[in-house]
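Visitor: For reference, the file start13.cif (mmCIF, C-alpha atoms) is included below:
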data_input
#
loop_
_atom_site.label_atom_id
_atom_site.label_comp_id
_atom_site.auth_asym_id
_atom_site.auth_seq_id
_atom_site.Cartn_x
_atom_site.Cartn_y
_atom_site.Cartn_z
CA MET A 1 19.47 22.95 -9.41
CA GLU A 2 16.76 25.65 -9.40
CA ASN A 3 14.42 23.33 -11.30
CA ASP A 4 15.01 20.57 -8.74
CA MET A 5 14.29 22.97 -5.87
CA THR A 6 11.00 23.99 -7.50
CA LEU A 7 10.20 20.34 -8.17
CA LEU A 8 10.68 19.41 -4.50
CA LYS A 9 8.80 22.50 -3.28
CA ASN A 10 5.80 21.33 -5.33
CA ALA A 11 6.19 17.66 -4.35
CA TYR A 12 3.61 16.21 -1.97
CA CYS A 13 2.79 12.75 -0.73
CA VAL A 14 -0.22 10.96 0.71
CA ILE A 15 0.39 7.73 2.63
CA LEU A 16 -2.66 5.47 2.76
CA ALA A 17 -2.76 3.98 6.26
CA GLY A 18 -6.40 3.13 6.93
CA GLY A 19 -6.58 -0.58 6.09
CA LYS A 20 -7.58 -3.29 8.56
CA GLY A 21 -4.68 -5.57 7.56
CA ARG A 22 -6.78 -8.69 8.01
CA ARG A 23 -4.72 -10.90 5.71
CA LEU A 24 -1.94 -10.93 8.34
CA TRP A 25 -4.25 -11.99 11.16
CA PRO A 26 -3.76 -12.84 13.99
CA CYS A 27 -0.65 -10.64 14.28
CA SER A 28 -2.50 -7.80 12.57
CA ARG A 29 -5.73 -7.00 14.43
CA GLU A 30 -8.61 -4.72 13.59
CA ASP A 31 -7.78 -2.35 16.45
CA TYR A 32 -4.03 -2.49 15.75
CA PRO A 33 -3.41 -3.36 12.08
CA LYS A 34 -0.13 -4.21 10.41
CA GLN A 35 0.90 -0.68 9.36
CA PHE A 36 1.26 0.26 13.04
CA ILE A 37 3.30 -2.83 13.98
CA ASP A 38 7.08 -3.26 14.09
CA PHE A 39 6.55 -6.49 12.22
CA PHE A 40 10.19 -7.45 11.69
CA GLY A 41 11.72 -6.17 14.93
CA SER A 42 13.56 -3.30 13.22
CA GLY A 43 12.63 -0.69 15.82
CA ARG A 44 10.25 1.15 13.45
CA THR A 45 6.72 0.26 12.43
CA LEU A 46 5.78 -0.19 8.77
CA LEU A 47 4.12 3.26 8.76
CA GLN A 48 7.17 4.88 10.32
CA GLN A 49 9.48 3.23 7.80
CA THR A 50 7.32 4.44 4.91
CA TYR A 51 7.24 7.97 6.34
CA ASP A 52 11.02 7.96 6.89
CA ARG A 53 11.59 6.77 3.33
CA LEU A 54 9.44 9.46 1.76
CA ALA A 55 10.76 12.20 4.06
CA LEU A 56 14.13 11.75 2.31
CA ILE A 57 12.41 12.94 -0.89
CA ILE A 58 9.42 15.08 0.10
CA PRO A 59 9.50 18.03 2.53
CA ARG A 60 8.01 16.75 5.79
CA GLU A 61 5.40 19.49 5.84
CA ASN A 62 4.16 18.14 2.47
CA ILE A 63 3.54 14.57 3.70
CA HIS A 64 -0.11 13.71 4.40
CA ILE A 65 -1.56 10.62 6.07
CA ASN A 66 -4.99 9.17 5.32
CA THR A 67 -6.29 6.79 7.96
CA ASN A 68 -9.48 5.64 9.63
CA LYS A 69 -10.83 7.59 12.61
CA ASN A 70 -10.10 4.58 14.84
CA TYR A 71 -6.37 4.85 14.13
CA VAL A 72 -5.84 8.59 14.61
CA ASN A 73 -4.18 8.17 18.01
CA LEU A 74 -1.85 5.48 16.64
CA VAL A 75 -0.74 7.82 13.84
CA LYS A 76 -0.16 10.67 16.27
CA GLU A 77 1.84 8.42 18.62
CA GLN A 78 4.03 7.06 15.85
CA LEU A 79 4.46 10.30 13.88
CA PRO A 80 4.46 13.00 16.59
CA GLY A 81 5.90 15.61 14.21
CA LEU A 82 3.04 15.31 11.71
CA ALA A 83 1.04 18.52 11.39
CA GLU A 84 -2.59 18.22 12.49
CA GLU A 85 -3.81 19.54 9.14
CA ASN A 86 -1.89 16.78 7.32
CA LEU A 87 -3.81 13.99 9.05
CA MET A 88 -7.08 13.00 7.38
CA ALA A 89 -9.31 10.74 9.46
CA GLU A 90 -11.97 8.90 7.48
CA PRO A 91 -15.20 8.13 9.36
CA ILE A 92 -15.77 4.79 7.64
CA HIS A 93 -13.58 2.18 5.94
CA ARG A 94 -13.54 2.73 2.19
CA ASN A 95 -11.19 1.70 -0.59
CA THR A 96 -8.39 3.86 -1.95
CA ALA A 97 -10.23 6.04 -4.52
CA PRO A 98 -12.14 8.10 -1.91
CA SER A 99 -8.96 8.47 0.16
CA VAL A 100 -6.93 9.73 -2.81
CA ALA A 101 -9.72 12.08 -3.93
CA TRP A 102 -9.93 13.72 -0.51
CA ALA A 103 -6.16 14.00 -0.15
CA SER A 104 -5.60 15.39 -3.65
CA GLN A 105 -8.30 18.03 -3.11
CA ARG A 106 -6.72 19.08 0.19
CA ILE A 107 -3.28 19.31 -1.42
CA LEU A 108 -4.62 21.18 -4.46
CA ASN A 109 -6.15 23.78 -2.15
CA LYS A 110 -2.70 24.33 -0.64
CA ASN A 111 -0.72 24.40 -3.86
CA PRO A 112 -2.29 24.48 -7.37
CA GLU A 113 1.09 23.38 -8.83
CA ALA A 114 1.41 20.31 -6.62
CA ASN A 115 2.64 16.93 -7.84
CA ILE A 116 1.58 14.00 -5.68
CA ILE A 117 3.08 10.64 -4.77
CA VAL A 118 0.41 8.22 -3.55
CA SER A 119 1.93 5.49 -1.40
CA PRO A 120 0.72 2.46 0.57
CA ALA A 121 1.92 2.32 4.17
CA ASP A 122 3.16 -1.28 4.19
CA TYR A 123 5.81 -2.33 1.70
CA GLU A 124 9.48 -3.22 1.76
CA VAL A 125 12.22 -1.40 -0.15
CA GLN A 126 15.63 -3.03 -0.41
CA ASN A 127 17.51 -0.12 -2.02
CA GLU A 128 16.54 3.25 -0.55
CA GLN A 129 18.87 5.26 -2.80
CA VAL A 130 17.43 3.75 -5.99
CA PHE A 131 13.93 4.32 -4.59
CA ARG A 132 14.73 8.01 -4.19
CA GLU A 133 16.16 8.23 -7.72
CA ASN A 134 13.11 6.49 -9.20
CA MET A 135 10.69 8.78 -7.33
CA LEU A 136 12.53 11.93 -8.44
CA GLU A 137 12.49 10.70 -12.04
CA GLY A 138 8.78 10.05 -11.69
CA LEU A 139 8.15 13.54 -10.27
CA ARG A 140 9.98 15.08 -13.22
CA PHE A 141 7.83 13.05 -15.62
CA VAL A 142 4.48 14.11 -14.13
CA GLU A 143 5.71 17.69 -13.89
CA GLU A 144 6.01 17.66 -17.67
CA HIS A 145 3.16 15.28 -18.64
CA ASP A 146 -0.54 15.18 -17.90
CA GLY A 147 -0.87 11.57 -16.89
CA LEU A 148 -0.85 9.01 -14.10
CA LEU A 149 2.48 7.28 -13.58
CA THR A 150 2.57 3.91 -11.81
CA MET A 151 5.74 2.38 -10.39
CA GLY A 152 6.34 -1.16 -11.70
CA ILE A 153 8.77 -3.87 -10.60
CA LYS A 154 9.96 -6.72 -12.82
CA PRO A 155 8.49 -9.92 -11.35
CA THR A 156 10.85 -12.54 -9.99
CA ARG A 157 8.24 -15.28 -9.58
CA PRO A 158 4.63 -16.03 -10.60
CA GLU A 159 3.01 -14.47 -7.53
CA PRO A 160 -0.82 -14.71 -7.69
CA GLY A 161 -1.29 -12.34 -4.76
CA TYR A 162 0.04 -9.26 -6.62
CA GLY A 163 -1.41 -6.95 -9.24
CA TYR A 164 0.18 -6.89 -12.71
CA ILE A 165 0.66 -4.09 -15.24
CA GLN A 166 1.06 -4.91 -18.95
CA LEU A 167 3.54 -2.70 -20.80
CA GLY A 168 2.31 -0.89 -23.91
CA ASN A 169 4.16 1.46 -26.26
CA PRO A 170 7.42 2.91 -24.91
CA LEU A 171 7.97 6.61 -24.28
CA SER A 172 11.56 5.98 -23.23
CA ASP A 173 13.69 3.03 -22.17
CA ARG A 174 12.03 3.13 -18.71
CA ILE A 175 8.54 4.59 -19.20
CA PHE A 176 5.73 2.90 -21.13
CA LYS A 177 2.05 3.43 -21.77
CA VAL A 178 -0.02 0.97 -19.74
CA LYS A 179 -1.83 -1.61 -21.86
CA SER A 180 -3.77 -3.35 -19.08
CA PHE A 181 -4.08 -4.00 -15.34
CA THR A 182 -4.72 -7.45 -13.88
CA GLU A 183 -5.43 -7.82 -10.17
CA LYS A 184 -4.37 -11.07 -8.44
CA PRO A 185 -4.44 -13.53 -11.35
CA GLU A 186 -4.60 -17.30 -11.02
CA ARG A 187 -1.16 -18.85 -10.61
CA ASP A 188 -1.10 -20.23 -14.17
CA PHE A 189 -1.84 -16.78 -15.59
CA ALA A 190 0.77 -15.24 -13.31
CA ARG A 191 3.29 -17.72 -14.69
CA MET A 192 2.35 -16.73 -18.25
CA PHE A 193 2.73 -13.04 -17.34
CA VAL A 194 6.22 -13.59 -15.95
CA GLU A 195 7.34 -15.66 -18.92
CA SER A 196 6.04 -13.09 -21.43
CA GLU A 197 8.21 -10.30 -19.91
CA GLU A 198 5.41 -7.87 -20.82
CA PHE A 199 4.06 -7.58 -17.27
CA TYR A 200 5.40 -5.82 -14.20
CA TRP A 201 4.24 -6.01 -10.59
CA ASN A 202 1.99 -3.15 -9.52
CA THR A 203 3.55 -1.66 -6.38
CA GLY A 204 0.53 0.51 -5.56
CA LEU A 205 2.75 3.59 -5.82
CA PHE A 206 1.71 6.16 -8.39
CA LEU A 207 2.36 9.83 -9.18
CA SER A 208 0.37 12.60 -10.82
CA ARG A 209 -0.11 16.33 -11.02
CA ALA A 210 -2.83 17.19 -8.53
CA ARG A 211 -4.80 19.11 -11.14
CA PHE A 212 -4.75 16.22 -13.62
CA LEU A 213 -5.76 13.76 -10.92
CA GLN A 214 -8.76 15.91 -10.03
CA GLN A 215 -9.74 16.07 -13.70
CA CYS A 216 -9.74 12.26 -13.73
CA PHE A 217 -12.04 12.13 -10.69
CA LYS A 218 -14.34 14.70 -12.28
CA LYS A 219 -14.60 12.56 -15.42
CA GLU A 220 -14.85 9.08 -13.90
CA LEU A 221 -16.61 9.77 -10.59
CA PRO A 222 -18.44 13.07 -11.19
CA SER A 223 -20.81 13.05 -8.20
CA PHE A 224 -17.92 12.05 -5.95
CA PHE A 225 -15.74 14.85 -7.33
CA GLN A 226 -18.45 17.47 -6.97
CA SER A 227 -18.93 16.58 -3.30
CA ILE A 228 -15.21 16.77 -2.60
CA ALA A 229 -14.80 20.01 -4.58
CA ALA A 230 -17.74 21.64 -2.82
CA ALA A 231 -16.13 20.81 0.50
CA GLY A 232 -13.16 22.99 -0.40
CA GLU A 233 -14.86 26.22 -1.45
CA GLY A 234 -14.99 29.14 0.94
CA LEU A 235 -14.70 27.05 4.09
CA SER A 236 -12.13 26.75 6.84
CA LEU A 237 -10.02 23.60 7.04
CA GLN A 238 -12.06 22.34 10.00
CA ALA A 239 -15.36 23.01 8.21
CA ARG A 240 -14.14 21.26 5.04
CA ASN A 241 -13.10 18.23 7.06
CA GLU A 242 -16.48 18.00 8.74
CA LEU A 243 -18.28 18.29 5.41
CA VAL A 244 -16.16 15.57 3.81
CA LYS A 245 -16.83 13.28 6.78
CA GLN A 246 -20.56 13.76 6.24
CA PHE A 247 -20.20 12.84 2.56
CA PHE A 248 -17.81 9.94 3.08
CA PRO A 249 -20.27 7.08 3.81
CA ALA A 250 -21.94 7.72 0.44
CA PHE A 251 -18.70 7.57 -1.55
CA PRO A 252 -18.14 4.50 -3.75
CA ASN A 253 -16.14 1.67 -2.21
CA VAL A 254 -13.72 1.44 -5.14
CA SER A 255 -9.95 1.22 -5.49
CA ILE A 256 -7.96 3.88 -7.30
CA GLU A 257 -7.00 1.25 -9.88
CA HIS A 258 -10.60 0.31 -10.71
CA GLY A 259 -12.02 3.80 -10.27
CA ILE A 260 -9.42 5.86 -12.13
CA LEU A 261 -6.32 4.13 -13.51
CA GLU A 262 -8.15 1.51 -15.57
CA HIS A 263 -10.30 4.15 -17.26
CA SER A 264 -7.80 6.88 -18.10
CA ASP A 265 -6.12 7.05 -21.51
CA GLU A 266 -3.04 8.67 -19.98
CA VAL A 267 -1.66 5.99 -17.68
CA TYR A 268 2.02 5.12 -17.74
CA VAL A 269 4.33 2.73 -15.95
CA MET A 270 7.98 3.23 -15.02
CA LYS A 271 10.30 0.25 -14.80
CA CYS A 272 11.74 0.56 -11.29
CA ASP A 273 14.47 -1.46 -9.65
CA PHE A 274 14.49 -0.46 -5.98
CA GLY A 275 13.75 -3.97 -4.73
CA TRP A 276 10.10 -4.02 -3.69
CA ALA A 277 8.06 -6.49 -1.67
CA ASP A 278 4.41 -6.30 -0.71
CA LEU A 279 3.80 -7.08 2.97
CA GLY A 280 0.12 -7.81 2.57
CA THR A 281 -0.09 -11.58 3.04
CA TRP A 282 1.77 -14.34 4.84
CA HIS A 283 2.56 -16.00 1.52
CA SER A 284 4.00 -12.83 -0.05
CA ILE A 285 6.19 -12.22 3.01
CA TYR A 286 7.41 -15.81 2.84
CA GLU A 287 8.32 -15.43 -0.83
CA ALA A 288 10.07 -12.10 -0.30
CA TYR A 289 12.32 -12.94 2.62
CA SER A 290 15.43 -15.04 2.94
CA LYS A 291 14.87 -18.58 4.10
CA ASN A 292 17.11 -20.66 6.30
CA ALA A 293 18.59 -23.98 5.24
CA ASP A 294 15.20 -25.69 5.47
CA ASP A 295 13.38 -22.96 3.54
CA ASN A 296 11.69 -21.66 6.67
CA VAL A 297 11.09 -17.95 7.31
CA ILE A 298 11.21 -17.08 11.01
CA ILE A 299 10.17 -13.49 11.74
CA ASP A 300 11.62 -11.95 14.90
CA SER A 301 10.73 -15.07 16.91
CA ASP A 302 12.34 -17.62 19.20
CA VAL A 303 11.92 -21.00 17.48
CA ILE A 304 13.58 -24.40 17.70
CA ILE A 305 12.81 -26.11 14.43
CA ASP A 306 13.35 -29.76 13.50
CA ASP A 307 12.51 -31.72 10.36
CA SER A 308 10.31 -28.89 9.11
CA HIS A 309 10.37 -27.11 5.76
CA ASN A 310 8.77 -24.25 3.79
CA ASN A 311 7.10 -22.64 6.81
CA ILE A 312 6.65 -19.04 7.94
CA ILE A 313 6.61 -18.49 11.72
CA LYS A 314 5.95 -15.39 13.82
CA LEU A 315 5.42 -15.36 17.58
CA SER A 316 5.01 -12.70 20.26
CA ASP A 317 7.99 -11.63 22.37
CA GLY A 318 8.68 -14.00 25.22
CA ARG A 319 7.22 -17.03 23.44
CA LEU A 320 9.19 -20.12 22.48
CA ALA A 321 8.01 -22.55 19.79
CA ILE A 322 9.33 -26.04 19.10
CA VAL A 323 8.24 -27.09 15.62
CA ASN A 324 8.63 -30.63 14.31
CA GLY A 325 7.38 -32.25 11.12
CA LEU A 326 5.61 -29.29 9.51
CA ASP A 327 5.86 -28.61 5.77
CA GLY A 328 4.33 -25.56 4.09
CA TYR A 329 2.51 -23.98 7.04
CA ILE A 330 1.90 -20.61 8.65
CA VAL A 331 2.45 -20.61 12.40
CA ALA A 332 1.40 -17.19 13.72
CA GLU A 333 0.64 -16.30 17.33
CA HIS A 334 -0.38 -13.03 18.95
CA ASP A 335 -2.18 -12.25 22.19
CA ASN A 336 -5.10 -14.68 22.45
CA VAL A 337 -4.91 -16.39 19.04
CA LEU A 338 -2.66 -19.08 17.57
CA LEU A 339 -3.06 -19.76 13.84
CA ILE A 340 -1.66 -22.88 12.16
CA CYS A 341 -2.74 -23.37 8.56
CA LYS A 342 -1.41 -24.30 5.15
CA LYS A 343 0.55 -21.50 3.53
CA GLU A 344 -0.71 -21.86 -0.05
CA ASP A 345 -3.81 -19.79 -0.82
CA SER A 346 -3.97 -18.76 2.83
CA SER A 347 -5.64 -15.37 2.22
CA ASP A 348 -9.04 -16.93 1.48
CA LEU A 349 -8.69 -19.31 4.43
CA ILE A 350 -7.78 -16.53 6.83
CA ARG A 351 -10.74 -14.45 5.69
CA LYS A 352 -12.98 -17.46 6.38
CA TYR A 353 -11.41 -18.04 9.81
CA ILE A 354 -11.85 -14.39 10.82
CA ASN A 355 -15.53 -14.50 9.91
CA ASP A 356 -15.99 -17.79 11.78
CA VAL A 357 -14.18 -16.54 14.87
CA GLN A 358 -16.10 -13.28 14.87
CA LEU A 359 -19.42 -15.15 14.75
CA ARG A 360 -18.48 -17.72 17.38
CA LYS A 361 -16.26 -15.78 19.76
CA GLY A 362 -16.93 -12.08 19.15
CA ASN A 363 -14.62 -9.17 18.32
CA ASP A 364 -12.02 -9.83 21.04
CA PHE A 365 -10.26 -12.34 18.79
CA VAL A 366 -10.19 -10.35 15.51
#
Could the structure of this file be written out as structure tokens, please?
Guide:
Amino acid sequence: MENDMTLLKNAYCVILAGGKGRRLWPCSREDYPKQFIDFFGSGRTLLQQTYDRLALIIPRENIHINTNKNYVNLVKEQLPGLAEENLMAEPIHRNTAPSVAWASQRILNKNPEANIIVSPADYEVQNEQVFRENMLEGLRFVEEHDGLLTMGIKPTRPEPGYGYIQLGNPLSDRIFKVKSFTEKPERDFARMFVESEEFYWNTGLFLSRARFLQQCFKKELPSFFQSIAAAGEGLSLQARNELVKQFFPAFPNVSIEHGILEHSDEVYVMKCDFGWADLGTWHSIYEAYSKNADDNVIIDSDVIIDDSHNNIIKLSDGRLAIVNGLDGYIVAEHDNVLLICKKEDSSDLIRKYINDVQLRKGNDFV
């Protein structure tokens, strides 16, 4: 019991909530991206659900949020109890490695014995109790091991939109060394991964001792680490924040996977079974959620559907759609944009449409 109390006292979390969420356009917009939306009509936004989930494990005062400066007010509105010092506002959009480096340095300054959970802001968990058990097991592992522990989920389908982790040598029946990472493989490769049973989905959740994580940054991104470390020495919290913001535009635009995890010799994966789904793309949401009799997924929308199959549909409140004769489409409407496009490989198409719309119509539609 005493060990568990110490473990939780030293447990911290950083939720990464600065993304633009463009792959779920037009419902996710640049000024109001998906993590701040109650996407499924549950009464809580994706960010709030993630915070609630982690607050059952981590002391609330130990939960930190990384976001972009444009979303600070949204975070404050949705998480009014969050301490000001636990909100890190990045001056420019960067990938996850700079965000994690800044957060881990901040946390390390507070508690040299800290263990950190790094979490995306936008994923689904079907079994909250198992999630808690898996996270506590992971915290115990990183408390005792210098290493980076990723949370893996056994794939249920050959999903090309996810990252995959290849299992290496076992440390226990649930924890393995990581042999390789593969980000968003072609569908045929994804099928091979699933059939081999050697690969697990990469949830984007990982855990580490703060001190070990900083050692990894110092080794793999030395100039980056030195800038972050310098920002923490002998300065007030406000002064450190201002210094980091000055450095931030020069930081590498690299993910934590590419910048750190793929280069470290001490990376592990835990087989988890809390029922995970990525909410990053229309196709992944379609695959994750229950379909009706015609294999359609209708998300919190008023729809009359006839002779239509394999579609995903989301409309704004107060809208009614009558859909006839569609097979395999996204129908998504929000504010001043209606999107109708084929569901397969939609991420590349949506990226193209956003660029086209921005050029032709300006920022009001993105």
Visitor: Can you tell me, as a ChimeraX atom specification, what residues are no more than 6 Å from Asp295 of chain A when counting all atoms listed in the file, ignoring any on the same chain fewer than 4 positions away?
Guide: /A:291,309-310
Visitor: Please list as a list in words every residue within 8 Å of Ile153 of chain A, counting all atoms listed in the file and excluding residues in the same chain fewer than 2 positions away.
Guide: Met151, Pro155, Tyr200, Trp201, Asn202, Thr203, Lys271, Cys272, Asp273, Gly275 and Trp276 of chain A
Visitor: Could you please determine the separation between atom CA of Gln215 of chain A and atom CA of Tyr162 of chain A in Å, to one decimal place?
Guide: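 Atom CA of Tyr162 of chain A lies at a distance of 28.1 Å from atom CA of Gln215 of chain A.
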Visitor: Go ahead and compute the interatomic distance for atom CA of Glu183 of chain A and atom CA of Gly163 of chain A, in Å to one decimal.
Guide: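 Separation of atom CA of Glu183 of chain A and atom CA of Gly163 of chain A: 4.2 Å.
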Visitor: Run through the PyMOL selection byres ((chain A and resi 32-42) around 7) on the given coordinates and return the selected residues as a list in words.
Guide: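 That selection, the PyMOL selection byres ((chain A and resi 32-42) around 7), comes back as Ala17, Lys20, Gly21, Ser28, Arg29, Glu30, Asp31, Gly43, Arg44, Thr45, Leu46, Leu47, Ala121, Asp122, Ile299 and Asp300 of chain A.
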Visitor: Name the residues in contact with Asn127 of chain A at a cut-off of 10 Å, using all atoms listed in the file, excluding same-chain residues fewer than 2 positions from it; report them as an mmCIF file with C-alpha atoms, in the coordinates of the input.
Guide:
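Final file, selection_31.cif:
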data_model
loop_
_atom_site.group_PDB
_atom_site.id
_atom_site.type_symbol
_atom_site.label_atom_id
_atom_site.label_comp_id
_atom_site.auth_asym_id
_atom_site.auth_seq_id
_atom_site.Cartn_x
_atom_site.Cartn_y
_atom_site.Cartn_z
ATOM 1 C CA GLU A 124 9.480 -3.220 1.760
ATOM 2 C CA VAL A 125 12.220 -1.400 -0.150
ATOM 3 C CA GLN A 129 18.870 5.260 -2.800
ATOM 4 C CA VAL A 130 17.430 3.750 -5.990
ATOM 5 C CA PHE A 131 13.930 4.320 -4.590
ATOM 6 C CA ARG A 132 14.730 8.010 -4.190
ATOM 7 C CA ASP A 273 14.470 -1.460 -9.650
ATOM 8 C CA PHE A 274 14.490 -0.460 -5.980
ATOM 9 C CA GLY A 275 13.750 -3.970 -4.730
ATOM 10 C CA TRP A 276 10.100 -4.020 -3.690
#
Visitor: I'd like to see the residues matched by the PyMOL selection byres ((chain A and resi 16) around 8) on this file, and ideally I'd get them as a ChimeraX atom specification.
Guide: /A:14-15,17-19,65-67,96,99,118-121
Visitor: Just to confirm, what's the straight-line distance from atom CA of Ser284 of chain A to atom CA of Gln78 of chain A in Å (one decimal)?
Guide: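 The value is 25.5 Å.
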Visitor: Hey, could you make a per-residue contact list for segment 24-59 of chain A against segment 320-340 of chain A with 9 Å as the cut-off, showing the nearest pair of atoms and its distance in Å to one decimal, counting all atoms listed in the file, sorted by chain and number, as JSON lines?
Guide:
{"residue": "A:Leu24", "atom": "CA", "partner": "A:Ala332", "partner_atom": "CA", "distance": 8.9}
{"residue": "A:Trp25", "atom": "CA", "partner": "A:Ala332", "partner_atom": "CA", "distance": 8.1}
{"residue": "A:Pro26", "atom": "CA", "partner": "A:His334", "partner_atom": "CA", "distance": 6.0}
{"residue": "A:Cys27", "atom": "CA", "partner": "A:His334", "partner_atom": "CA", "distance": 5.3}
{"residue": "A:Ser28", "atom": "CA", "partner": "A:His334", "partner_atom": "CA", "distance": 8.5}
Visitor: Could those selected residues go to a file with C-alpha atoms, as a short mmCIF file (atom, residue, chain, number, x, y, z; two decimals), in the coordinates of the input?
Guide:
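File result.cif, as written:
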data_model
loop_
_atom_site.label_atom_id
_atom_site.label_comp_id
_atom_site.auth_asym_id
_atom_site.auth_seq_id
_atom_site.Cartn_x
_atom_site.Cartn_y
_atom_site.Cartn_z
CA LEU A 24 -1.94 -10.93 8.34
CA TRP A 25 -4.25 -11.99 11.16
CA PRO A 26 -3.76 -12.84 13.99
CA CYS A 27 -0.65 -10.64 14.28
CA SER A 28 -2.50 -7.80 12.57
#
Visitor: From the options A:Thr150, A:Ser346, A:Gln226, A:Asn95, which residue's atoms come nearest to Pro252 of chain A, counting only C-alpha atoms?
Guide: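 The closest residue to Pro252 of chain A is A:Asn95.
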Visitor: Could you check which residues have any atom within 12 Å of (7.7, 11.3, 3.7), counting only C-alpha atoms with coordinates taken straight from the file, and then list them as an NGL selection string?
Guide: :A and (8 or 11-16 or 47-65 or 79 or 81-82 or 86 or 116-121 or 132 or 135)
Visitor: Applied to this file, what does the PyMOL selection byres ((chain A and resi 192) around 12) return in terms of residues, put as a PyMOL selection string?
Guide: chain A and resi 155+157-160+164+166+185-191+193-199
Visitor: Ranking A:His93, A:Val72, A:Asp307, A:Glu77 by minimum distance to Ala250 of chain A and counting all atoms listed in the file, which one comes first?
Guide: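 Among A:His93, A:Val72, A:Asp307, A:Glu77, it is A:His93 that comes nearest to Ala250 of chain A.
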